[in-house]
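Participant: Structure in structure tokens, see below.
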Amino acid sequence: MSTAVKGIFAHLDCLVDSIDALKRAGHKDLTVTAPLPRHEIEELLYGNTPSPVRWFTLFGSVFGGTAGFTLCSLSHVNWPMIIPAGKPLVSVAPFIIITFEATVLFGCIFTFLGLLWHCRLPMKPDEIPELDDPRLSDDVFAIVIRGLDGAGASSARALLSGNGAIEISGGTDA
Amino acid sequence: MQDRITYGQITRDILNPLFKLNVAYMAGLAVVLAGLAYGGWCLYQQLTWGLGVAGYSQPVFWGLYITTFVFWIGIGHAGTLISAVLFLFRSKWRTGVYRAAEAMTIFAVMTAALFPAIHVGRMWNAYWLFPYPNQRELWQNFKSPLMWDVFAVSTYFTVSTIFFYIGLIPDFAALRDRTRGIVSKIYGSFSLGWRGTDRQWRHYMAAYGFFAAFATPLVLSVHSVVSWDFAMAQTAGWHSTLFPPYFVAGAIFSGCAMVITLMLPLSVFFKWEKYINTWHFEHLAKMCLLTGGILTYAYIVEHFIAWYSDNPYEWGVFVYRATGDYWWVFWTMVTCNCIIPLLWWVKKFRTNLWCLWIVSIFINIGMWFERFNIIASSLAHQFDPNAWTYYVPNYIEIGVLIFSFSWFMLWFLLFVKVMPSVAIAEVKEQVPPPLKHPEVAA
């Protein structure tokens, strides 16, 4: 049966050292929490890999732009207003404005959906029980290492302790 | 920002004023409710008896309502400018003020959105503005600037609301963790179960950047589109290519002034001088100086072009604005927008809180009069002298104007007591992180 170990940190440098040490020790199933975004954590865990949310943004923008221009064009073709002086029914200049607005609108909506999807939101309160701790949104950092066997849990606890965790829980009942 | 401030202290300082009602707050709320009651009665009269009870008179059919619509849309500009544009520029002073400025944007657009519906009379048919399949197969005219405006304003509102909400998610989580019972559950559901994991912050920051990138052109586009409501019409005083930059500068000018008007008392009452202080207000004052300078330049240019064009109708309107029936509107505008803000060129005045607050109120007054000056004087003094008239708003319209301010302030007062008006997570980013070995990090 696998178990999880959680370490609480009051200091960012201790947290960063712990993540580094755990990665070097081969621990892969790490979850790190922070009350604010810290680039050090992202760089250690993800390197320079960009977030895939951008594909949602791109799709939404292209979809929105196409939908906006199509809406204007089909509306005017469906309800043709005869304008003198040979002006076209499908007129690019005024429709660009609606196209732009729809591009932005759907780009944002799809980015929001992409954010929810990749952050796994909405998340149930008990989905990661180790993170149900009010201090985590306030002034401490945490690392949760999951999928550990008995020896792995002991090793993880030792690493967390050695790198300045102020509190360590889990892993002893494996 | 003090270096020794801790993350925990930031959370406590910002969340402490929530839910606590004091005499000043209740007095403010009472004034707002009284305004809503009087304004609501005026609006009820108009809805019952029709637009005839408003002061519209041939040929001035755009009056106080459209003036107030443009005013509130303009107020809504500073929030997105501060939150999105300054985010992209990594400007640190935005952190203290952007949350309340974003809220102000949303409430201002909500207020503005009432006015086209109030203006056309039968506001229960406002949904006709939006394209939807219907039995008569009628569609909107997408070549009309009024239709562009519907899309521009609704897109701006939606994007601003999403941006505002995204920023609030980590703070809702902090509120969830600091409240109990049903209140905690409500904040928990708004936080969507946010836990601040590495995965969540990674995608959050990426998405936030995209939202800022999307919102930035919107800052420029929305008021440009609003200006086309006028500039596309062949009405003297309106038909000008100068309008989009002129309107955008005016919107940012009035929006930043409104941020000062609202945030300054907030900072004092909530004792948030650590987070919102003279440093922030001075930057806002500098934004006002820049945009106010552009605006003054635009006033001069439009008068020069009207004279230089040798078009008697165009020049006639501009002379009429300064010397005709609406001279008091024109000179109020010039005094409040071009002359009084000059005080802020002196550092002593732009760092004095009373001076900042009073001048910001004058700017708001001036910007409302600017829109009234553009709209009423052009329509009252069109091509045919036989149709010239003098329009002044009556008590019903003034009541609806009071309703709009009360409606806006009601939302703002509710906001400051149920949501953190300063972004907790972002303020934490501005202080040095807690380090066990700071000498190593250095």
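Ordering of the structure tokens sets the chain letters (A, B, ...), residue numbers begin anew at 1 in every chain, and ligands are numbered from 1 in the order given.
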List the neighbours of B:Gly188 out to 12 Å using only C-alpha atoms; skip same-chain residues closer than 3 positions along the sequence, and give me the result as a JSON list (two decimals) with C-alpha atoms, in the first residue's frame.
Facilitator:
[["chain", "number", "residue", "atom", "x", "y", "z"],
["A", 121, "LEU", "CA", -10.90, 23.00, -11.21],
["A", 122, "PRO", "CA", -13.44, 22.87, -9.72],
["A", 123, "MET", "CA", -11.76, 20.58, -7.20],
["A", 124, "LYS", "CA", -13.60, 18.86, -4.37],
["A", 125, "PRO", "CA", -12.45, 19.92, -0.88],
["A", 126, "ASP", "CA", -11.27, 16.38, -0.08],
["A", 132, "ASP", "CA", -6.76, 20.72, 3.44],
["A", 134, "PRO", "CA", -5.69, 26.75, 6.15],
["B", 168, "LEU", "CA", -9.91, 36.63, -6.99],
["B", 169, "ILE", "CA", -9.68, 32.82, -7.03],
["B", 170, "PRO", "CA", -6.58, 32.52, -4.75],
["B", 171, "ASP", "CA", -7.99, 35.20, -2.46],
["B", 172, "PHE", "CA", -11.34, 33.40, -2.24],
["B", 173, "ALA", "CA", -9.35, 30.36, -1.13],
["B", 174, "ALA", "CA", -7.69, 32.47, 1.58],
["B", 175, "LEU", "CA", -11.15, 33.66, 2.67],
["B", 176, "ARG", "CA", -12.48, 30.08, 2.65],
["B", 177, "ASP", "CA", -9.66, 29.08, 4.98],
["B", 178, "ARG", "CA", -10.30, 31.98, 7.35],
["B", 179, "THR", "CA", -14.08, 31.73, 7.69],
["B", 180, "ARG", "CA", -16.38, 29.08, 9.08],
["B", 181, "GLY", "CA", -19.67, 27.36, 8.32],
["B", 182, "ILE", "CA", -21.83, 28.43, 5.42],
["B", 183, "VAL", "CA", -19.66, 31.50, 4.70],
["B", 184, "SER", "CA", -16.63, 29.29, 4.29],
["B", 185, "LYS", "CA", -18.61, 27.00, 1.98],
["B", 191, "SER", "CA", -12.55, 29.52, -5.06],
["B", 192, "LEU", "CA", -13.42, 26.37, -7.06],
["B", 193, "GLY", "CA", -11.40, 24.33, -4.58],
["B", 194, "TRP", "CA", -8.18, 26.23, -5.29],
["B", 195, "ARG", "CA", -5.22, 24.85, -3.33]]
Participant: Kindly provide, as a PyMOL selection string, the residues of chain A having any atom no farther than 6 Å from an atom of chain B, counting only C-alpha atoms.
Facilitator: chain A and resi 11-13+32-34+36-37+51+75+94+104-105+119+121-125+134+137-139
Participant: Store the residues picked out above, limited to C-alpha atoms, as a PDB file, in the first residue's frame.
Facilitator:
ATOM      1  CA  HIS A  11      11.056  29.480   4.282  1.00  0.00           C
ATOM      2  CA  LEU A  12      11.212  29.574   0.509  1.00  0.00           C
ATOM      3  CA  ASP A  13      14.896  28.627   0.284  1.00  0.00           C
ATOM      4  CA  VAL A  32       4.129  21.772  -4.074  1.00  0.00           C
ATOM      5  CA  THR A  33       1.811  24.457  -2.738  1.00  0.00           C
ATOM      6  CA  ALA A  34       2.462  28.120  -2.115  1.00  0.00           C
ATOM      7  CA  LEU A  36       1.664  33.002  -4.073  1.00  0.00           C
ATOM      8  CA  PRO A  37       3.215  32.145  -7.442  1.00  0.00           C
ATOM      9  CA  SER A  51       1.749  25.910 -20.196  1.00  0.00           C
ATOM     10  CA  SER A  75     -26.807  38.038 -41.288  1.00  0.00           C
ATOM     11  CA  PRO A  94     -17.152  47.298 -40.480  1.00  0.00           C
ATOM     12  CA  VAL A 104     -11.066  38.551 -27.896  1.00  0.00           C
ATOM     13  CA  LEU A 105     -14.281  37.284 -26.325  1.00  0.00           C
ATOM     14  CA  CYS A 119      -5.797  23.227 -12.985  1.00  0.00           C
ATOM     15  CA  LEU A 121     -10.897  23.000 -11.208  1.00  0.00           C
ATOM     16  CA  PRO A 122     -13.441  22.870  -9.717  1.00  0.00           C
ATOM     17  CA  MET A 123     -11.757  20.582  -7.204  1.00  0.00           C
ATOM     18  CA  LYS A 124     -13.596  18.856  -4.368  1.00  0.00           C
ATOM     19  CA  PRO A 125     -12.451  19.921  -0.884  1.00  0.00           C
ATOM     20  CA  PRO A 134      -5.690  26.748   6.150  1.00  0.00           C
ATOM     21  CA  SER A 137      -3.246  29.875   1.685  1.00  0.00           C
ATOM     22  CA  ASP A 138      -1.611  32.113   4.263  1.00  0.00           C
ATOM     23  CA  ASP A 139       2.094  31.996   5.037  1.00  0.00           C
TER      24      ASP A 139
END
Participant: Which residue out of B:Tyr132, B:Trp368, B:Trp315, B:Phe89 has the minimum interatomic distance to B:Leu401 when only C-alpha atoms are used?
Facilitator: B:Trp368
Participant: Which residues are near stretch 58-70 of chain B? Cut-off 8 Å, only C-alpha atoms, ignore same chain within fewer than 5 positions. Put them as a list in words.
Facilitator: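 Here the answer would be Thr111, Ala112, Ala113, Leu114, Phe115, Pro116, Ile118, His119, Val226, Trp368, Arg371, Phe372, Ile375, Ala376, Leu379, Ala380, Ala387, Trp388, Thr389, Tyr391, Pro393, Glu397 and Leu401 of chain B.
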Participant: With N, CA and C atoms retained, could you export that selection as a JSON list (two decimals), in the first residue's frame?
Facilitator:
[["chain", "number", "residue", "atom", "x", "y", "z"],
["B", 111, "THR", "N", -23.34, 49.82, -14.78],
["B", 111, "THR", "CA", -24.13, 51.05, -14.70],
["B", 111, "THR", "C", -24.36, 51.62, -16.10],
["B", 112, "ALA", "N", -23.27, 51.66, -16.87],
["B", 112, "ALA", "CA", -23.37, 52.20, -18.23],
["B", 112, "ALA", "C", -24.36, 51.40, -19.06],
["B", 113, "ALA", "N", -24.34, 50.08, -18.88],
["B", 113, "ALA", "CA", -25.19, 49.22, -19.71],
["B", 113, "ALA", "C", -26.67, 49.48, -19.49],
["B", 114, "LEU", "N", -27.03, 50.10, -18.36],
["B", 114, "LEU", "CA", -28.45, 50.42, -18.13],
["B", 114, "LEU", "C", -28.93, 51.50, -19.09],
["B", 115, "PHE", "N", -28.00, 52.37, -19.48],
["B", 115, "PHE", "CA", -28.43, 53.61, -20.12],
["B", 115, "PHE", "C", -28.94, 53.50, -21.55],
["B", 116, "PRO", "N", -28.32, 52.67, -22.41],
["B", 116, "PRO", "CA", -28.96, 52.55, -23.73],
["B", 116, "PRO", "C", -30.40, 52.04, -23.60],
["B", 118, "ILE", "N", -32.41, 52.47, -20.93],
["B", 118, "ILE", "CA", -33.23, 53.56, -20.37],
["B", 118, "ILE", "C", -33.51, 54.59, -21.47],
["B", 119, "HIS", "N", -32.49, 54.84, -22.28],
["B", 119, "HIS", "CA", -32.58, 55.88, -23.32],
["B", 119, "HIS", "C", -33.61, 55.56, -24.39],
["B", 226, "VAL", "N", -17.02, 53.45, -28.90],
["B", 226, "VAL", "CA", -18.01, 54.40, -28.36],
["B", 226, "VAL", "C", -17.90, 55.74, -29.10],
["B", 368, "TRP", "N", -17.85, 64.45, -17.01],
["B", 368, "TRP", "CA", -19.27, 64.30, -17.30],
["B", 368, "TRP", "C", -19.71, 65.48, -18.19],
["B", 371, "ARG", "N", -18.78, 65.18, -21.94],
["B", 371, "ARG", "CA", -19.68, 64.37, -22.77],
["B", 371, "ARG", "C", -20.99, 65.12, -23.03],
["B", 372, "PHE", "N", -21.47, 65.84, -22.04],
["B", 372, "PHE", "CA", -22.70, 66.61, -22.23],
["B", 372, "PHE", "C", -22.45, 67.72, -23.26],
["B", 375, "ILE", "N", -22.43, 66.15, -26.75],
["B", 375, "ILE", "CA", -23.71, 65.60, -27.22],
["B", 375, "ILE", "C", -24.77, 66.70, -27.37],
["B", 376, "ALA", "N", -25.04, 67.43, -26.30],
["B", 376, "ALA", "CA", -26.18, 68.35, -26.32],
["B", 376, "ALA", "C", -25.95, 69.53, -27.26],
["B", 379, "LEU", "N", -26.29, 68.65, -31.04],
["B", 379, "LEU", "CA", -27.65, 68.35, -31.48],
["B", 379, "LEU", "C", -28.56, 69.57, -31.40],
["B", 380, "ALA", "N", -28.29, 70.44, -30.45],
["B", 380, "ALA", "CA", -29.14, 71.62, -30.28],
["B", 380, "ALA", "C", -28.83, 72.69, -31.32],
["B", 387, "ALA", "N", -34.31, 74.82, -36.45],
["B", 387, "ALA", "CA", -34.45, 73.71, -35.50],
["B", 387, "ALA", "C", -33.59, 73.89, -34.25],
["B", 388, "TRP", "N", -32.90, 75.00, -34.16],
["B", 388, "TRP", "CA", -32.03, 75.19, -32.99],
["B", 388, "TRP", "C", -32.88, 75.27, -31.73],
["B", 389, "THR", "N", -32.31, 74.70, -30.69],
["B", 389, "THR", "CA", -33.06, 74.66, -29.43],
["B", 389, "THR", "C", -32.08, 74.70, -28.26],
["B", 391, "TYR", "N", -31.54, 72.49, -24.85],
["B", 391, "TYR", "CA", -31.96, 71.34, -24.05],
["B", 391, "TYR", "C", -31.27, 71.37, -22.70],
["B", 393, "PRO", "N", -31.50, 68.98, -19.00],
["B", 393, "PRO", "CA", -32.16, 67.81, -18.40],
["B", 393, "PRO", "C", -33.18, 68.24, -17.35],
["B", 397, "GLU", "N", -34.61, 63.12, -15.45],
["B", 397, "GLU", "CA", -33.28, 62.71, -15.94],
["B", 397, "GLU", "C", -32.23, 62.86, -14.84],
["B", 401, "LEU", "N", -29.86, 60.07, -13.21],
["B", 401, "LEU", "CA", -28.41, 60.26, -13.02],
["B", 401, "LEU", "C", -28.01, 59.92, -11.58]]
Participant: Could you state the separation of atom CA of B:Tyr246 and atom CA of B:Ile294 in Å, given to one decimal place?
Facilitator: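 Straight-line distance from atom CA of B:Tyr246 to atom CA of B:Ile294 works out to 7.4 Å.
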Participant: Write out as a list in words the residues lying within 8 Å of A:Gly68, counting only C-alpha atoms and excluding same-chain residues fewer than 5 positions away.
Facilitator: Phe95, Ile98, Thr99, Phe100, Glu101, Ala102 and Thr103 of chain A
Participant: Interatomic distance between atom CA of B:Arg94 and atom CA of B:Tyr165?
Facilitator: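 Between atom CA of B:Arg94 and atom CA of B:Tyr165 the gap works out to 17.1 Å.
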Participant: With DSSP run on the backbone, what are the strand (DSSP E) residues within chain A? I'd like them as a ChimeraX atom specification.
Facilitator: /A:3-9,30-33,141-148,167-169
Participant: Export, as an mmCIF file, in the first residue's frame, the selected residues with C-alpha atoms.
Facilitator:
data_model
loop_
_atom_site.group_PDB
_atom_site.id
_atom_site.type_symbol
_atom_site.label_atom_id
_atom_site.label_comp_id
_atom_site.auth_asym_id
_atom_site.auth_seq_id
_atom_site.Cartn_x
_atom_site.Cartn_y
_atom_site.Cartn_z
ATOM 1 C CA THR A 3 1.399 6.374 1.271
ATOM 2 C CA ALA A 4 1.993 10.117 1.146
ATOM 3 C CA VAL A 5 4.335 12.360 3.080
ATOM 4 C CA LYS A 6 3.742 16.065 3.624
ATOM 5 C CA GLY A 7 6.334 18.614 4.664
ATOM 6 C CA ILE A 8 5.500 22.179 5.708
ATOM 7 C CA PHE A 9 8.031 24.955 5.152
ATOM 8 C CA LEU A 30 5.485 15.804 -6.021
ATOM 9 C CA THR A 31 2.854 18.441 -5.326
ATOM 10 C CA VAL A 32 4.129 21.772 -4.074
ATOM 11 C CA THR A 33 1.811 24.457 -2.738
ATOM 12 C CA PHE A 141 4.710 26.330 1.696
ATOM 13 C CA ALA A 142 4.165 22.570 1.464
ATOM 14 C CA ILE A 143 5.423 19.549 -0.434
ATOM 15 C CA VAL A 144 3.330 16.410 -0.725
ATOM 16 C CA ILE A 145 5.088 13.286 -2.026
ATOM 17 C CA ARG A 146 2.745 10.497 -3.001
ATOM 18 C CA GLY A 147 3.020 6.920 -4.171
ATOM 19 C CA LEU A 148 5.658 6.029 -1.580
ATOM 20 C CA GLU A 167 6.476 19.990 10.204
ATOM 21 C CA ILE A 168 6.346 16.555 8.594
ATOM 22 C CA SER A 169 3.322 14.282 8.498
#
